[in-house]
file protein.tsv (TSV, N, CA, C and O atoms)
chain	number	residue	atom	x	y	z
A	22	MET	N	-174.69	-26.47	-17.54
A	22	MET	CA	-174.46	-25.04	-17.52
A	22	MET	C	-173.62	-24.67	-16.31
A	22	MET	O	-173.82	-25.18	-15.22
A	23	SER	N	-172.69	-23.76	-16.51
A	23	SER	CA	-171.86	-23.34	-15.39
A	23	SER	C	-172.56	-22.26	-14.58
A	23	SER	O	-173.41	-21.53	-15.08
A	24	GLU	N	-172.18	-22.19	-13.35
A	24	GLU	CA	-172.74	-21.21	-12.44
A	24	GLU	C	-172.20	-19.82	-12.80
A	24	GLU	O	-171.01	-19.68	-13.09
A	25	PRO	N	-173.04	-18.78	-12.78
A	25	PRO	CA	-172.55	-17.45	-13.11
A	25	PRO	C	-171.59	-16.95	-12.05
A	25	PRO	O	-171.66	-17.38	-10.89
A	26	PRO	N	-170.67	-16.05	-12.43
A	26	PRO	CA	-169.75	-15.51	-11.44
A	26	PRO	C	-170.52	-14.77	-10.35
A	26	PRO	O	-171.66	-14.36	-10.54
A	27	ALA	N	-169.89	-14.62	-9.23
A	27	ALA	CA	-170.51	-13.93	-8.11
A	27	ALA	C	-170.86	-12.50	-8.48
A	27	ALA	O	-170.17	-11.86	-9.27
A	28	ASP	N	-171.94	-11.98	-7.89
A	28	ASP	CA	-172.32	-10.60	-8.15
A	28	ASP	C	-171.50	-9.66	-7.27
A	28	ASP	O	-170.76	-10.09	-6.38
A	29	ALA	N	-171.63	-8.37	-7.52
A	29	ALA	CA	-170.84	-7.36	-6.81
A	29	ALA	C	-171.12	-7.40	-5.31
A	29	ALA	O	-170.18	-7.28	-4.50
A	30	GLU	N	-172.36	-7.60	-4.94
A	30	GLU	CA	-172.72	-7.63	-3.52
A	30	GLU	C	-172.03	-8.79	-2.81
A	30	GLU	O	-171.51	-8.63	-1.70
A	31	THR	N	-172.02	-9.95	-3.43
A	31	THR	CA	-171.35	-11.12	-2.84
A	31	THR	C	-169.85	-10.88	-2.72
A	31	THR	O	-169.25	-11.19	-1.69
A	32	PHE	N	-169.26	-10.32	-3.78
A	32	PHE	CA	-167.82	-10.04	-3.75
A	32	PHE	C	-167.49	-9.06	-2.62
A	32	PHE	O	-166.55	-9.29	-1.86
A	33	LEU	N	-168.24	-7.98	-2.50
A	33	LEU	CA	-167.97	-6.98	-1.46
A	33	LEU	C	-168.17	-7.56	-0.06
A	33	LEU	O	-167.37	-7.30	0.84
A	34	ALA	N	-169.21	-8.36	0.13
A	34	ALA	CA	-169.45	-8.98	1.43
A	34	ALA	C	-168.32	-9.94	1.79
A	34	ALA	O	-167.86	-9.97	2.93
A	35	THR	N	-167.86	-10.71	0.81
A	35	THR	CA	-166.76	-11.65	1.05
A	35	THR	C	-165.48	-10.89	1.37
A	35	THR	O	-164.74	-11.26	2.29
A	36	THR	N	-165.22	-9.82	0.64
A	36	THR	CA	-164.03	-8.98	0.90
A	36	THR	C	-164.09	-8.41	2.31
A	36	THR	O	-163.10	-8.45	3.05
A	37	ASP	N	-165.24	-7.89	2.70
A	37	ASP	CA	-165.38	-7.32	4.05
A	37	ASP	C	-165.18	-8.37	5.13
A	37	ASP	O	-164.56	-8.10	6.16
A	38	THR	N	-165.68	-9.58	4.90
A	38	THR	CA	-165.52	-10.65	5.88
A	38	THR	C	-164.05	-11.03	6.03
A	38	THR	O	-163.56	-11.21	7.15
A	39	ILE	N	-163.36	-11.14	4.91
A	39	ILE	CA	-161.92	-11.47	4.97
A	39	ILE	C	-161.16	-10.36	5.67
A	39	ILE	O	-160.29	-10.63	6.50
A	40	ALA	N	-161.49	-9.11	5.37
A	40	ALA	CA	-160.83	-7.98	6.02
A	40	ALA	C	-161.08	-7.99	7.54
A	40	ALA	O	-160.18	-7.63	8.32
A	41	ALA	N	-162.26	-8.40	7.95
A	41	ALA	CA	-162.55	-8.49	9.38
A	41	ALA	C	-161.78	-9.64	10.04
A	41	ALA	O	-161.33	-9.51	11.17
A	42	LEU	N	-161.64	-10.75	9.31
A	42	LEU	CA	-160.89	-11.89	9.84
A	42	LEU	C	-159.40	-11.60	9.93
A	42	LEU	O	-158.72	-12.10	10.83
A	43	ARG	N	-158.90	-10.84	8.98
A	43	ARG	CA	-157.47	-10.52	8.91
A	43	ARG	C	-157.29	-9.01	8.76
A	43	ARG	O	-157.07	-8.51	7.67
A	44	PRO	N	-157.43	-8.24	9.85
A	44	PRO	CA	-157.40	-6.78	9.77
A	44	PRO	C	-156.07	-6.20	9.28
A	44	PRO	O	-156.04	-5.03	8.86
A	45	GLU	N	-155.03	-6.99	9.27
A	45	GLU	CA	-153.74	-6.49	8.76
A	45	GLU	C	-153.71	-6.40	7.24
A	45	GLU	O	-152.82	-5.78	6.66
A	46	LEU	N	-154.69	-7.02	6.58
A	46	LEU	CA	-154.74	-6.98	5.11
A	46	LEU	C	-155.40	-5.69	4.64
A	46	LEU	O	-156.34	-5.19	5.26
A	47	SER	N	-154.91	-5.18	3.51
A	47	SER	CA	-155.59	-4.06	2.87
A	47	SER	C	-156.87	-4.58	2.22
A	47	SER	O	-157.03	-5.80	2.03
A	48	LEU	N	-157.76	-3.68	1.85
A	48	LEU	CA	-158.98	-4.12	1.16
A	48	LEU	C	-158.65	-4.76	-0.18
A	48	LEU	O	-159.33	-5.70	-0.60
A	49	LEU	N	-157.61	-4.26	-0.85
A	49	LEU	CA	-157.22	-4.88	-2.12
A	49	LEU	C	-156.73	-6.31	-1.90
A	49	LEU	O	-157.11	-7.22	-2.64
A	50	GLU	N	-155.93	-6.53	-0.88
A	50	GLU	CA	-155.45	-7.88	-0.57
A	50	GLU	C	-156.62	-8.80	-0.21
A	50	GLU	O	-156.70	-9.93	-0.68
A	51	ALA	N	-157.55	-8.29	0.60
A	51	ALA	CA	-158.73	-9.08	0.95
A	51	ALA	C	-159.56	-9.35	-0.31
A	51	ALA	O	-160.10	-10.45	-0.47
A	52	GLY	N	-159.63	-8.38	-1.20
A	52	GLY	CA	-160.36	-8.55	-2.45
A	52	GLY	C	-159.75	-9.61	-3.35
A	52	GLY	O	-160.46	-10.36	-4.02
A	53	ILE	N	-158.43	-9.68	-3.37
A	53	ILE	CA	-157.76	-10.71	-4.18
A	53	ILE	C	-158.11	-12.09	-3.64
A	53	ILE	O	-158.42	-13.01	-4.40
A	54	LEU	N	-158.10	-12.25	-2.31
A	54	LEU	CA	-158.50	-13.53	-1.72
A	54	LEU	C	-159.96	-13.83	-2.01
A	54	LEU	O	-160.32	-14.97	-2.31
A	55	ALA	N	-160.81	-12.81	-1.92
A	55	ALA	CA	-162.24	-13.00	-2.21
A	55	ALA	C	-162.44	-13.41	-3.67
A	55	ALA	O	-163.22	-14.32	-3.97
A	56	GLY	N	-161.73	-12.75	-4.58
A	56	GLY	CA	-161.83	-13.10	-6.00
A	56	GLY	C	-161.37	-14.51	-6.27
A	56	GLY	O	-161.97	-15.22	-7.09
A	57	LEU	N	-160.35	-14.93	-5.58
A	57	LEU	CA	-159.86	-16.30	-5.72
A	57	LEU	C	-160.91	-17.28	-5.18
A	57	LEU	O	-161.24	-18.28	-5.83
A	58	HIS	N	-161.45	-16.98	-4.02
A	58	HIS	CA	-162.46	-17.84	-3.39
A	58	HIS	C	-163.72	-17.96	-4.25
A	58	HIS	O	-164.29	-19.05	-4.36
A	59	LEU	N	-164.13	-16.87	-4.86
A	59	LEU	CA	-165.36	-16.86	-5.65
A	59	LEU	C	-165.15	-17.28	-7.10
A	59	LEU	O	-166.10	-17.33	-7.88
A	60	GLY	N	-163.91	-17.55	-7.47
A	60	GLY	CA	-163.62	-17.98	-8.83
A	60	GLY	C	-163.67	-16.85	-9.84
A	60	GLY	O	-163.87	-17.10	-11.03
A	61	LEU	N	-163.45	-15.62	-9.39
A	61	LEU	CA	-163.49	-14.47	-10.30
A	61	LEU	C	-162.16	-14.24	-10.99
A	61	LEU	O	-162.14	-13.77	-12.12
A	62	ALA	N	-161.07	-14.51	-10.31
A	62	ALA	CA	-159.74	-14.30	-10.90
A	62	ALA	C	-158.71	-15.10	-10.11
A	62	ALA	O	-158.75	-15.13	-8.88
A	63	SER	N	-157.79	-15.72	-10.85
A	63	SER	CA	-156.69	-16.44	-10.20
A	63	SER	C	-155.35	-16.00	-10.75
A	63	SER	O	-154.35	-16.69	-10.63
A	64	ASP	N	-155.35	-14.82	-11.37
A	64	ASP	CA	-154.09	-14.22	-11.81
A	64	ASP	C	-154.23	-12.70	-11.74
A	64	ASP	O	-155.33	-12.15	-11.76
A	65	SER	N	-153.09	-12.05	-11.64
A	65	SER	CA	-153.07	-10.61	-11.40
A	65	SER	C	-153.66	-9.80	-12.55
A	65	SER	O	-154.39	-8.83	-12.32
A	66	ARG	N	-153.40	-10.17	-13.77
A	66	ARG	CA	-153.90	-9.42	-14.92
A	66	ARG	C	-155.42	-9.50	-15.02
A	66	ARG	O	-156.09	-8.51	-15.24
A	67	SER	N	-155.97	-10.68	-14.82
A	67	SER	CA	-157.42	-10.84	-14.85
A	67	SER	C	-158.09	-10.05	-13.74
A	67	SER	O	-159.11	-9.38	-13.95
A	68	PHE	N	-157.53	-10.10	-12.54
A	68	PHE	CA	-158.09	-9.34	-11.42
A	68	PHE	C	-158.08	-7.85	-11.75
A	68	PHE	O	-159.08	-7.17	-11.54
A	69	ALA	N	-156.96	-7.36	-12.26
A	69	ALA	CA	-156.86	-5.94	-12.61
A	69	ALA	C	-157.90	-5.56	-13.66
A	69	ALA	O	-158.54	-4.51	-13.55
A	70	ARG	N	-158.06	-6.39	-14.64
A	70	ARG	CA	-159.00	-6.10	-15.73
A	70	ARG	C	-160.45	-6.15	-15.23
A	70	ARG	O	-161.24	-5.25	-15.51
A	71	VAL	N	-160.80	-7.18	-14.48
A	71	VAL	CA	-162.17	-7.34	-14.00
A	71	VAL	C	-162.59	-6.17	-13.09
A	71	VAL	O	-163.70	-5.67	-13.19
A	72	PHE	N	-161.66	-5.71	-12.26
A	72	PHE	CA	-162.01	-4.69	-11.29
A	72	PHE	C	-161.52	-3.28	-11.64
A	72	PHE	O	-161.72	-2.35	-10.87
A	73	GLY	N	-160.90	-3.13	-12.81
A	73	GLY	CA	-160.48	-1.81	-13.26
A	73	GLY	C	-159.42	-1.18	-12.39
A	73	GLY	O	-159.45	0.02	-12.12
A	74	ILE	N	-158.47	-2.00	-11.96
A	74	ILE	CA	-157.38	-1.54	-11.09
A	74	ILE	C	-156.08	-1.66	-11.85
A	74	ILE	O	-155.90	-2.59	-12.64
A	75	GLU	N	-155.17	-0.74	-11.61
A	75	GLU	CA	-153.85	-0.82	-12.26
A	75	GLU	C	-153.17	-2.14	-11.91
A	75	GLU	O	-153.16	-2.56	-10.74
A	76	HIS	N	-152.61	-2.76	-12.93
A	76	HIS	CA	-151.95	-4.06	-12.73
A	76	HIS	C	-150.82	-3.96	-11.72
A	76	HIS	O	-150.62	-4.88	-10.91
A	77	ALA	N	-150.09	-2.86	-11.73
A	77	ALA	CA	-148.98	-2.70	-10.79
A	77	ALA	C	-149.46	-2.75	-9.34
A	77	ALA	O	-148.79	-3.31	-8.47
A	78	LEU	N	-150.63	-2.17	-9.05
A	78	LEU	CA	-151.17	-2.22	-7.69
A	78	LEU	C	-151.54	-3.64	-7.30
A	78	LEU	O	-151.30	-4.07	-6.16
A	79	VAL	N	-152.11	-4.37	-8.24
A	79	VAL	CA	-152.48	-5.76	-7.97
A	79	VAL	C	-151.21	-6.59	-7.74
A	79	VAL	O	-151.17	-7.42	-6.83
A	80	LEU	N	-150.18	-6.35	-8.54
A	80	LEU	CA	-148.92	-7.08	-8.36
A	80	LEU	C	-148.33	-6.84	-6.97
A	80	LEU	O	-147.83	-7.78	-6.33
A	81	ARG	N	-148.38	-5.61	-6.50
A	81	ARG	CA	-147.87	-5.32	-5.15
A	81	ARG	C	-148.67	-6.08	-4.09
A	81	ARG	O	-148.11	-6.62	-3.14
A	82	ALA	N	-149.99	-6.10	-4.26
A	82	ALA	CA	-150.84	-6.82	-3.30
A	82	ALA	C	-150.57	-8.32	-3.36
A	82	ALA	O	-150.54	-8.99	-2.31
A	83	VAL	N	-150.37	-8.86	-4.55
A	83	VAL	CA	-150.05	-10.28	-4.69
A	83	VAL	C	-148.72	-10.58	-3.99
A	83	VAL	O	-148.61	-11.58	-3.27
A	84	ASP	N	-147.74	-9.72	-4.18
A	84	ASP	CA	-146.45	-9.92	-3.51
A	84	ASP	C	-146.61	-9.88	-1.99
A	84	ASP	O	-146.00	-10.66	-1.27
A	85	SER	N	-147.44	-8.96	-1.51
A	85	SER	CA	-147.68	-8.85	-0.08
A	85	SER	C	-148.38	-10.11	0.46
A	85	SER	O	-148.00	-10.64	1.51
A	86	LEU	N	-149.39	-10.59	-0.26
A	86	LEU	CA	-150.08	-11.82	0.16
A	86	LEU	C	-149.15	-13.02	0.11
A	86	LEU	O	-149.22	-13.90	0.97
A	87	SER	N	-148.28	-13.05	-0.87
A	87	SER	CA	-147.31	-14.13	-0.98
A	87	SER	C	-146.33	-14.07	0.19
A	87	SER	O	-146.00	-15.09	0.78
A	88	GLY	N	-145.89	-12.87	0.52
A	88	GLY	CA	-144.98	-12.69	1.65
A	88	GLY	C	-145.61	-13.06	2.98
A	88	GLY	O	-144.94	-13.53	3.90
A	89	ALA	N	-146.93	-12.87	3.08
A	89	ALA	CA	-147.66	-13.24	4.29
A	89	ALA	C	-148.07	-14.71	4.27
A	89	ALA	O	-148.75	-15.18	5.18
A	90	ALA	N	-147.65	-15.43	3.24
A	90	ALA	CA	-147.91	-16.86	3.07
A	90	ALA	C	-149.40	-17.18	2.98
A	90	ALA	O	-149.83	-18.26	3.38
A	91	LEU	N	-150.20	-16.26	2.41
A	91	LEU	CA	-151.62	-16.53	2.22
A	91	LEU	C	-151.92	-17.03	0.82
A	91	LEU	O	-152.95	-17.67	0.60
A	92	ILE	N	-151.04	-16.75	-0.12
A	92	ILE	CA	-151.14	-17.30	-1.46
A	92	ILE	C	-149.76	-17.77	-1.91
A	92	ILE	O	-148.75	-17.34	-1.37
A	93	GLY	N	-149.76	-18.62	-2.89
A	93	GLY	CA	-148.52	-19.05	-3.52
A	93	GLY	C	-148.57	-18.67	-4.99
A	93	GLY	O	-149.59	-18.90	-5.65
A	94	VAL	N	-147.53	-18.05	-5.47
A	94	VAL	CA	-147.45	-17.69	-6.89
A	94	VAL	C	-146.98	-18.93	-7.63
A	94	VAL	O	-145.91	-19.47	-7.34
A	95	THR	N	-147.79	-19.38	-8.59
A	95	THR	CA	-147.48	-20.61	-9.31
A	95	THR	C	-146.78	-20.35	-10.63
A	95	THR	O	-146.11	-21.24	-11.15
A	96	ALA	N	-146.94	-19.15	-11.19
A	96	ALA	CA	-146.29	-18.80	-12.46
A	96	ALA	C	-146.25	-17.29	-12.59
A	96	ALA	O	-147.13	-16.59	-12.09
A	97	ARG	N	-145.19	-16.81	-13.24
A	97	ARG	CA	-145.06	-15.38	-13.49
A	97	ARG	C	-144.51	-15.19	-14.89
A	97	ARG	O	-143.46	-15.74	-15.23
A	98	ASP	N	-145.22	-14.44	-15.71
A	98	ASP	CA	-144.77	-14.14	-17.07
A	98	ASP	C	-143.62	-13.13	-16.98
A	98	ASP	O	-143.79	-12.06	-16.40
A	99	PRO	N	-142.46	-13.46	-17.51
A	99	PRO	CA	-141.31	-12.56	-17.39
A	99	PRO	C	-141.51	-11.22	-18.10
A	99	PRO	O	-140.95	-10.21	-17.69
A	100	ARG	N	-142.30	-11.20	-19.15
A	100	ARG	CA	-142.49	-9.95	-19.90
A	100	ARG	C	-143.55	-9.06	-19.25
A	100	ARG	O	-143.31	-7.87	-19.02
A	101	THR	N	-144.71	-9.60	-18.93
A	101	THR	CA	-145.82	-8.79	-18.42
A	101	THR	C	-145.91	-8.78	-16.90
A	101	THR	O	-146.65	-8.00	-16.33
A	102	GLN	N	-145.21	-9.69	-16.24
A	102	GLN	CA	-145.26	-9.91	-14.80
A	102	GLN	C	-146.60	-10.48	-14.32
A	102	GLN	O	-146.85	-10.54	-13.12
A	103	ARG	N	-147.47	-10.88	-15.26
A	103	ARG	CA	-148.74	-11.52	-14.88
A	103	ARG	C	-148.41	-12.68	-13.95
A	103	ARG	O	-147.63	-13.56	-14.29
A	104	SER	N	-149.04	-12.67	-12.78
A	104	SER	CA	-148.77	-13.68	-11.77
A	104	SER	C	-150.00	-14.54	-11.56
A	104	SER	O	-151.09	-14.02	-11.30
A	105	ARG	N	-149.82	-15.84	-11.68
A	105	ARG	CA	-150.90	-16.78	-11.38
A	105	ARG	C	-150.68	-17.26	-9.95
A	105	ARG	O	-149.55	-17.49	-9.53
A	106	TYR	N	-151.78	-17.40	-9.22
A	106	TYR	CA	-151.65	-17.72	-7.80
A	106	TYR	C	-152.75	-18.65	-7.33
A	106	TYR	O	-153.80	-18.78	-7.95
A	107	VAL	N	-152.46	-19.32	-6.21
A	107	VAL	CA	-153.41	-20.20	-5.53
A	107	VAL	C	-153.34	-19.89	-4.04
A	107	VAL	O	-152.34	-19.35	-3.56
A	108	ALA	N	-154.38	-20.26	-3.33
A	108	ALA	CA	-154.37	-20.07	-1.87
A	108	ALA	C	-153.41	-21.08	-1.24
A	108	ALA	O	-153.36	-22.24	-1.64
A	109	SER	N	-152.63	-20.60	-0.28
A	109	SER	CA	-151.74	-21.48	0.47
A	109	SER	C	-152.55	-22.15	1.59
A	109	SER	O	-153.75	-21.93	1.72
A	110	GLU	N	-151.90	-22.96	2.40
A	110	GLU	CA	-152.58	-23.58	3.55
A	110	GLU	C	-153.18	-22.52	4.45
A	110	GLU	O	-154.34	-22.63	4.86
A	111	ALA	N	-152.41	-21.49	4.77
A	111	ALA	CA	-152.92	-20.40	5.62
A	111	ALA	C	-154.06	-19.66	4.94
A	111	ALA	O	-155.04	-19.29	5.58
A	112	GLY	N	-153.93	-19.46	3.62
A	112	GLY	CA	-155.00	-18.80	2.87
A	112	GLY	C	-156.26	-19.65	2.84
A	112	GLY	O	-157.37	-19.12	2.97
A	113	LEU	N	-156.09	-20.95	2.69
A	113	LEU	CA	-157.25	-21.85	2.71
A	113	LEU	C	-157.94	-21.83	4.07
A	113	LEU	O	-159.17	-21.93	4.15
A	114	ASP	N	-157.17	-21.67	5.14
A	114	ASP	CA	-157.76	-21.56	6.48
A	114	ASP	C	-158.63	-20.31	6.58
A	114	ASP	O	-159.72	-20.36	7.15
A	115	VAL	N	-158.15	-19.20	6.04
A	115	VAL	CA	-158.94	-17.97	6.04
A	115	VAL	C	-160.21	-18.17	5.22
A	115	VAL	O	-161.31	-17.81	5.65
A	116	LEU	N	-160.07	-18.76	4.05
A	116	LEU	CA	-161.24	-18.97	3.18
A	116	LEU	C	-162.21	-19.97	3.78
A	116	LEU	O	-163.42	-19.85	3.59
A	117	ALA	N	-161.70	-20.96	4.50
A	117	ALA	CA	-162.58	-21.94	5.15
A	117	ALA	C	-163.42	-21.28	6.24
A	117	ALA	O	-164.55	-21.69	6.49
A	118	ALA	N	-162.88	-20.24	6.86
A	118	ALA	CA	-163.62	-19.52	7.89
A	118	ALA	C	-164.84	-18.80	7.32
A	118	ALA	O	-165.79	-18.50	8.04
A	119	LEU	N	-164.83	-18.57	6.01
A	119	LEU	CA	-165.98	-17.93	5.36
A	119	LEU	C	-167.20	-18.82	5.40
A	119	LEU	O	-168.33	-18.34	5.45
A	120	ALA	N	-166.99	-20.12	5.33
A	120	ALA	CA	-168.09	-21.08	5.32
A	120	ALA	C	-168.68	-21.30	6.71
A	120	ALA	O	-169.80	-21.78	6.84
A	121	ALA	N	-167.91	-20.94	7.72
A	121	ALA	CA	-168.37	-21.16	9.10
A	121	ALA	C	-169.42	-20.17	9.54
A	121	ALA	O	-169.69	-19.20	8.98
call {"tool": "encode", "arguments": {"input": "protein.tsv", "output": "C-alpha cells"}}
result
Amino acid sequence: MSEPPADAETFLATTDTIAALRPELSLLEAGILAGLHLGLASDSRSFARVFGIEHALVLRAVDSLSGAALIGVTARDPRTQRSRYVASEAGLDVLAALAA
C-alpha cells in the first residue's frame, strides 16, 4: 500500500519552514517546493488543480523558482504550458534542511 499524501497541516508547516529558510520566496513559491518535497505535485497543472490556484499564477512562480535555480523545468507542453519540474541542487539543499 502506498503512503497517503501529506495532510494540510503538514503541507502548511513545510511551506512555512521553507519560507523561513528562504525569505525571498513568496508563499506560493515555497508552497511549490513543499508540494514537490511531499510528493503532492511535480507539475504546474497538478499543483494548480490540487490547491485551487490559477494555473497562470503557478506558472509565474515556477518561472521564478527556475530563475532562482531552485527547480529545473524538465518538460513544457507547448499548448497548455503545463510545466514539469524537479528540484535543482540548490533546491535539494533547501529541502534537505527540512530534515535537519
call {"tool": "closest_residue", "arguments": {"input": "protein.tsv", "among": "A:Val94, A:Ala62, A:Ala82, A:Leu54", "to": "Leu113 in chain A", "atoms": "only C-alpha atoms"}}
result
A:Leu54
call {"tool": "select_by_dssp", "arguments": {"input": "protein.tsv", "residues": "chain A", "states": "alpha helix (DSSP H)", "output": "PyMOL selection string"}}
result
chain A and resi 29-42+48-59+65-72+76-88+110-120
call {"tool": "axis_aligned_box", "arguments": {"input": "protein.tsv", "around": "range 25-38 of chain A", "padding_each_side": "5 Å", "output": "lines of an AutoDock Vina configuration file"}}
result
center_x = -168.1
center_y = -12.9
center_z = -3.0
size_x = 19.9
size_y = 21.8
size_z = 30.3
call {"tool": "closest_residue", "arguments": {"input": "protein.tsv", "among": "A:Glu30, A:Ala89, A:Ile39, A:Arg81", "to": "Leu119 in chain A", "atoms": "only N, CA, C and O atoms"}}
result
A:Ile39
call {"tool": "residues_around", "arguments": {"input": "protein.tsv", "residues": "Gly52 in chain A", "least_positions_apart": "3", "cutoff": "7 Å", "atoms": "all atoms listed in the file", "output": "list in words"}}
result
Phe32, Thr35, Thr36, Asp37, Ala40, Ser47, Leu48, Leu49, Ala55, Gly56, Leu57 and His58 of chain A
call {"tool": "closest_residue", "arguments": {"input": "protein.tsv", "among": "A:Leu86, A:Val71, A:Ala27, A:Leu116", "to": "Leu46 in chain A", "atoms": "only C-alpha atoms"}}
result
A:Leu86
call {"tool": "closest_residue", "arguments": {"input": "protein.tsv", "among": "A:Thr95, A:Ala90, A:Leu61, A:Thr101", "to": "Ala77 in chain A", "atoms": "only C-alpha atoms"}}
result
A:Thr101
call {"tool": "select_by_dssp", "arguments": {"input": "protein.tsv", "residues": "chain A", "states": "strand (DSSP E)", "output": "list in words"}}
result
Ile92, Gly93, Val94, Thr95, Ala96, Arg97, Ser104, Arg105, Tyr106, Val107 and Ala108 of chain A
call {"tool": "closest_residue", "arguments": {"input": "protein.tsv", "among": "A:Ile53, A:Arg103, A:Asp98, A:Leu42", "to": "Ser85 in chain A", "atoms": "only C-alpha atoms"}}
result
A:Ile53
call {"tool": "atom_distance", "arguments": {"input": "protein.tsv", "atom1": "CA of Leu33 in chain A", "atom2": "CA of Val83 in chain A"}}
result
18.5 Å
call {"tool": "atom_distance", "arguments": {"input": "protein.tsv", "atom1": "atom C of Ala121 in chain A", "atom2": "atom C of Ala34 in chain A"}}
result
12.9 Å
call {"tool": "atom_distance", "arguments": {"input": "protein.tsv", "atom1": "atom C of Leu78 in chain A", "atom2": "atom C of Ala120 in chain A"}}
result
28.3 Å
call {"tool": "residues_around", "arguments": {"input": "protein.tsv", "residues": "Gln102 in chain A", "least_positions_apart": "6", "cutoff": "10 Å", "atoms": "only C-alpha atoms", "output": "list in words"}}
result
Ser65, Arg66, His76, Ala77, Leu80 and Ala96 of chain A
call {"tool": "residues_around", "arguments": {"input": "protein.tsv", "residues": "Gly93 in chain A", "least_positions_apart": "3", "cutoff": "9 Å", "atoms": "only C-alpha atoms", "output": "list of chain:residue names"}}
result
A:Val83, A:Leu86, A:Ser87, A:Gly88, A:Ala90, A:Arg105, A:Tyr106, A:Val107, A:Ala108, A:Ser109
call {"tool": "closest_residue", "arguments": {"input": "protein.tsv", "among": "A:Ser104, A:Asp28, A:Arg43, A:Ala118", "to": "Ser67 in chain A", "atoms": "all atoms listed in the file"}}
result
A:Ser104
